[in-house]
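S.K.: Provided herewith is a single structure, encoded as structure tokens, for subsequent inquiry.
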Amino acid sequence: MPPIATTARLLLALLLAALAAGCATTGSDPRDPWEGLNRKTFAFNDKLDQVVLKPVAQGYEKVVPAPARTGISNFFSNLEDVGTCLNNLAQGKFEEGVNDFGRVLLNSTFGLGGLVDIATPAGMEKHYEDFGQTLGWWGVQSGPYVVIPLLGPSTARDAPAKVVDPAWYWPRLLDNDPLYWGLWGLDKVRTRASLLQAEGVLDQAALDRYTFIRDAWLQRRRSQVYDGHPPPEKEEE
């Protein structure tokens with residue numbers, strides 16, 4: 001079985017397990033009815049991060065030169081633009097979708113396979129769209145907040161939508177399990193490394209890390225769905 005299929009099935013299994021176990025758990029925030037289970041999953045993820053992912057990310061930042069880190073981030077950002085393009089088109093944002101396609105074309109050719117971001121200096125704005133945002137754009141409500149093991153914050157709408165993301169499928173072209181998992185791990189490490197500086201702010205500002213991250217994530221996610229201009233909360237309810 002291709003590694004991507006295994007990963008997609010694992011994601012769905014983890015989500016279904018969380019939903020099933022969380023049905024009997026209620027929280028004080030109506031957006032987070034499974035708070036008890038979510039806090040336990042959050043604690044597990046946080047411990048795994050402190051023991052494994054954060055030290056690896058710190059080592060990555062120390063060992064890998066800044067220009068190389070920028071190139072790696074550009075490479076994965078270029079791959080993300082493929083999904084962004086498709087989702088902008090699915091939302092009816094054709095001008096943005098054409099822009100995203102142009103970014104991929106320009107960066108993949110003259111940008112050495114995406115290692116160099118030529119499109120942004122050329123005036124082609126970068127967007128961030130995924131299938132969860134597309135569902136939200138067309139009126140699908142987010143549903144309860146859920147923390148997925150290993151993957152972190154999500155919602156009942158956004159978690160299954162991850163399986164539609166092209167980033168889950170392009171590694172099939174590699175037909176090489178070690179290379180696939182190596183790239184997958186590199187993507188997670190560089191993402192975690194990009195958050196190291198913000199972590200100090202979080203530790204100082206948050207009395208309850210779980211609540212702080214949940215509220216910030218939900219607020220940011222809502223803003224993403226409405227392209228930075230969300231309607232008043234009561235209208236959505």
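The way I read the labels, and the way they are meant: chains A, B, ... in the order of the structure tokens, residue 1 as the first residue of every chain, and ligand 1 as the first ligand shown, with later ones counted on from there.
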When DSSP works through the backbone of this structure, what residues of segment 42-185 of chain A end up as alpha helix (DSSP H), shown as number ranges by chain?

M.R.: A: 42-48, 54-63, 66-90, 94-109, 131-137, 158-161, 177-185

S.K.: Give one line per residue of segment 60-111 of chain A that approaches segment 147-167 of chain A to at most 8 Å, naming the two atoms of the closest pair and their distance in Å to one decimal, counting only C-alpha atoms; sort by chain then ascending residue number and deliver it as CSV.

M.R.:
residue,atom,partner,partner_atom,distance
A:Leu79,CA,A:Ala167,CA,7.0
A:Glu80,CA,A:Ala167,CA,6.8
A:Val82,CA,A:Pro166,CA,7.3
A:Gly83,CA,A:Pro166,CA,5.6

S.K.: Pick out each residue of segment 34-160 of chain A that DSSP on the backbone tags as strand (DSSP E or B); I need them as a PyMOL selection string.

M.R.: chain A and resi 145-148+152-155

S.K.: Which one of A:Thr134, A:Val116, A:Lys188, A:Asp49 sits closest to Pro67 of chain A if you count only C-alpha atoms?

M.R.: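 Using only C-alpha atoms, Pro67 of chain A sits closest to A:Val116.
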
S.K.: Please indicate the distance in Å from atom CA of Gln219 of chain A to atom CA of Phe44 of chain A, rounded to one decimal place.

M.R.: 23.3 Å

S.K.: Taking 5 positions as the minimum chain separation for residues in the same chain, which residues sit within 12 Å of segment 199-208 of chain A when counting only C-alpha atoms? Answer as a JSON list (two decimals) with N, CA and C atoms, in the first residue's frame.

M.R.:
[["chain", "number", "residue", "atom", "x", "y", "z"],
["A", 39, "ARG", "N", -7.91, 17.95, 25.88],
["A", 39, "ARG", "CA", -6.80, 18.32, 26.76],
["A", 39, "ARG", "C", -5.82, 17.17, 26.93],
["A", 42, "PHE", "N", -3.90, 16.99, 23.74],
["A", 42, "PHE", "CA", -2.99, 18.14, 23.71],
["A", 42, "PHE", "C", -1.77, 17.88, 24.58],
["A", 43, "ALA", "N", -1.99, 17.33, 25.77],
["A", 43, "ALA", "CA", -0.88, 17.04, 26.67],
["A", 43, "ALA", "C", 0.06, 16.01, 26.06],
["A", 50, "GLN", "N", 8.02, 18.37, 23.15],
["A", 50, "GLN", "CA", 9.13, 18.77, 24.01],
["A", 50, "GLN", "C", 10.26, 17.75, 24.01],
["A", 54, "LYS", "N", 10.80, 19.41, 19.23],
["A", 54, "LYS", "CA", 11.47, 20.68, 19.51],
["A", 54, "LYS", "C", 13.00, 20.54, 19.51],
["A", 192, "ARG", "N", 8.22, 23.27, 12.49],
["A", 192, "ARG", "CA", 8.41, 23.46, 13.94],
["A", 192, "ARG", "C", 9.50, 24.48, 14.22],
["A", 193, "ALA", "N", 10.55, 24.47, 13.42],
["A", 193, "ALA", "CA", 11.64, 25.42, 13.61],
["A", 193, "ALA", "C", 11.16, 26.86, 13.41],
["A", 194, "SER", "N", 10.21, 27.06, 12.50],
["A", 194, "SER", "CA", 9.71, 28.40, 12.24],
["A", 194, "SER", "C", 8.90, 28.95, 13.42],
["A", 213, "ILE", "N", -4.06, 28.44, 22.94],
["A", 213, "ILE", "CA", -3.83, 27.91, 21.60],
["A", 213, "ILE", "C", -5.15, 27.63, 20.90],
["A", 214, "ARG", "N", -6.12, 27.07, 21.63],
["A", 214, "ARG", "CA", -7.43, 26.77, 21.03],
["A", 214, "ARG", "C", -8.09, 28.04, 20.52],
["A", 215, "ASP", "N", -8.17, 29.07, 21.38],
["A", 215, "ASP", "CA", -8.86, 30.30, 20.99],
["A", 215, "ASP", "C", -8.14, 31.00, 19.84],
["A", 216, "ALA", "N", -6.81, 31.02, 19.90],
["A", 216, "ALA", "CA", -6.04, 31.68, 18.84],
["A", 216, "ALA", "C", -6.20, 30.92, 17.53]]

S.K.: Expressed in Å to a single decimal, how great is the separation between atom CA of Gly132 of chain A and atom CA of Val225 of chain A?

M.R.: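 Distance between the two atoms: 8.2 Å.
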
S.K.: Using atom CA of Trp137 of chain A and atom CA of Cys85 of chain A as the two end points, give the distance in Å to one decimal.

M.R.: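 Going from atom CA of Trp137 of chain A over to atom CA of Cys85 of chain A covers 14.9 Å.
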
S.K.: Can you pull out the residues contacting Arg103 of chain A? Cut-off 8 Å, using only C-alpha atoms, and skip same-chain residues under 5 positions away; I want them as number ranges by chain.

M.R.: A: 78, 81, 119-120, 124, 126

S.K.: Residues of segment 82-197 of chain A within 10 Å of segment 227-234 of chain A: nearest atom pair and distance (Å, one decimal) for each, counting only C-alpha atoms, sorted by chain and number, as CSV?

M.R.:
residue,atom,partner,partner_atom,distance
A:His127,CA,A:Asp227,CA,9.6
A:Tyr128,CA,A:Asp227,CA,9.4
A:Glu129,CA,A:Asp227,CA,9.4
A:Gln133,CA,A:Asp227,CA,9.4
A:Trp137,CA,A:Asp227,CA,9.3

S.K.: Write the residues of the selection above to a file with C-alpha atoms, as a compact mmCIF listing (two decimals), in the first residue's frame.

M.R.:
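Listed below is the output, out.txt:
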# COMPACT_ATOMS: atom_id res chain seq x y z
CA HIS A 127 -2.24 32.92 -0.82
CA TYR A 128 -3.07 30.18 1.66
CA GLU A 129 -6.10 28.01 0.92
CA GLN A 133 -11.42 26.67 3.92
CA TRP A 137 -16.41 29.36 2.11

S.K.: Considering only C-alpha atoms, can you say which of A:Leu115, A:Tyr210, A:Asp175, A:Phe110 comes closest to Thr41 of chain A?

M.R.: A:Tyr210

S.K.: Fewer than 5 positions away in the same chain doesn't count, so skip those; otherwise give me all residues within 12 Å of Gly123 of chain A, counting only C-alpha atoms, as a PyMOL selection string.

M.R.: chain A and resi 99-100+102-103+106+117-118

S.K.: Hey, what's within 12 Å of Gly185 of chain A if we count only C-alpha atoms and toss same-chain stuff fewer than 6 positions away? As a PyMOL selection string, please?

M.R.: chain A and resi 52-53+56-57+60+76+178-179+191-192

S.K.: Just the selected residues (C-alpha atoms), exported as a short mmCIF file (atom, residue, chain, number, x, y, z; two decimals), in the first residue's frame, please.

M.R.:
data_model
loop_
_atom_site.label_atom_id
_atom_site.label_comp_id
_atom_site.auth_asym_id
_atom_site.auth_seq_id
_atom_site.Cartn_x
_atom_site.Cartn_y
_atom_site.Cartn_z
CA VAL A 52 11.35 14.86 20.24
CA LEU A 53 10.24 17.52 17.80
CA VAL A 56 15.24 18.20 16.50
CA ALA A 57 13.95 21.58 15.27
CA TYR A 60 18.00 21.84 12.47
CA PHE A 76 7.47 23.13 0.37
CA PRO A 178 12.42 6.23 2.63
CA LEU A 179 12.50 9.37 0.48
CA THR A 191 7.62 23.99 10.26
CA ARG A 192 8.41 23.46 13.94
#

S.K.: With only C-alpha atoms as the basis for distance, which of A:Asp46, A:Glu35, A:Asp177, A:Glu95 is at the shortest distance from Val146 of chain A?

M.R.: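 Nearest to Val146 of chain A: A:Glu35.
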
S.K.: Under the rule that only C-alpha atoms are counted, which of A:Phe131, A:Ala122, A:Trp170, A:Pro65 is the nearest residue to Leu86 of chain A?

M.R.: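 Ranking A:Phe131, A:Ala122, A:Trp170, A:Pro65 by distance to Leu86 of chain A, first place goes to A:Phe131.
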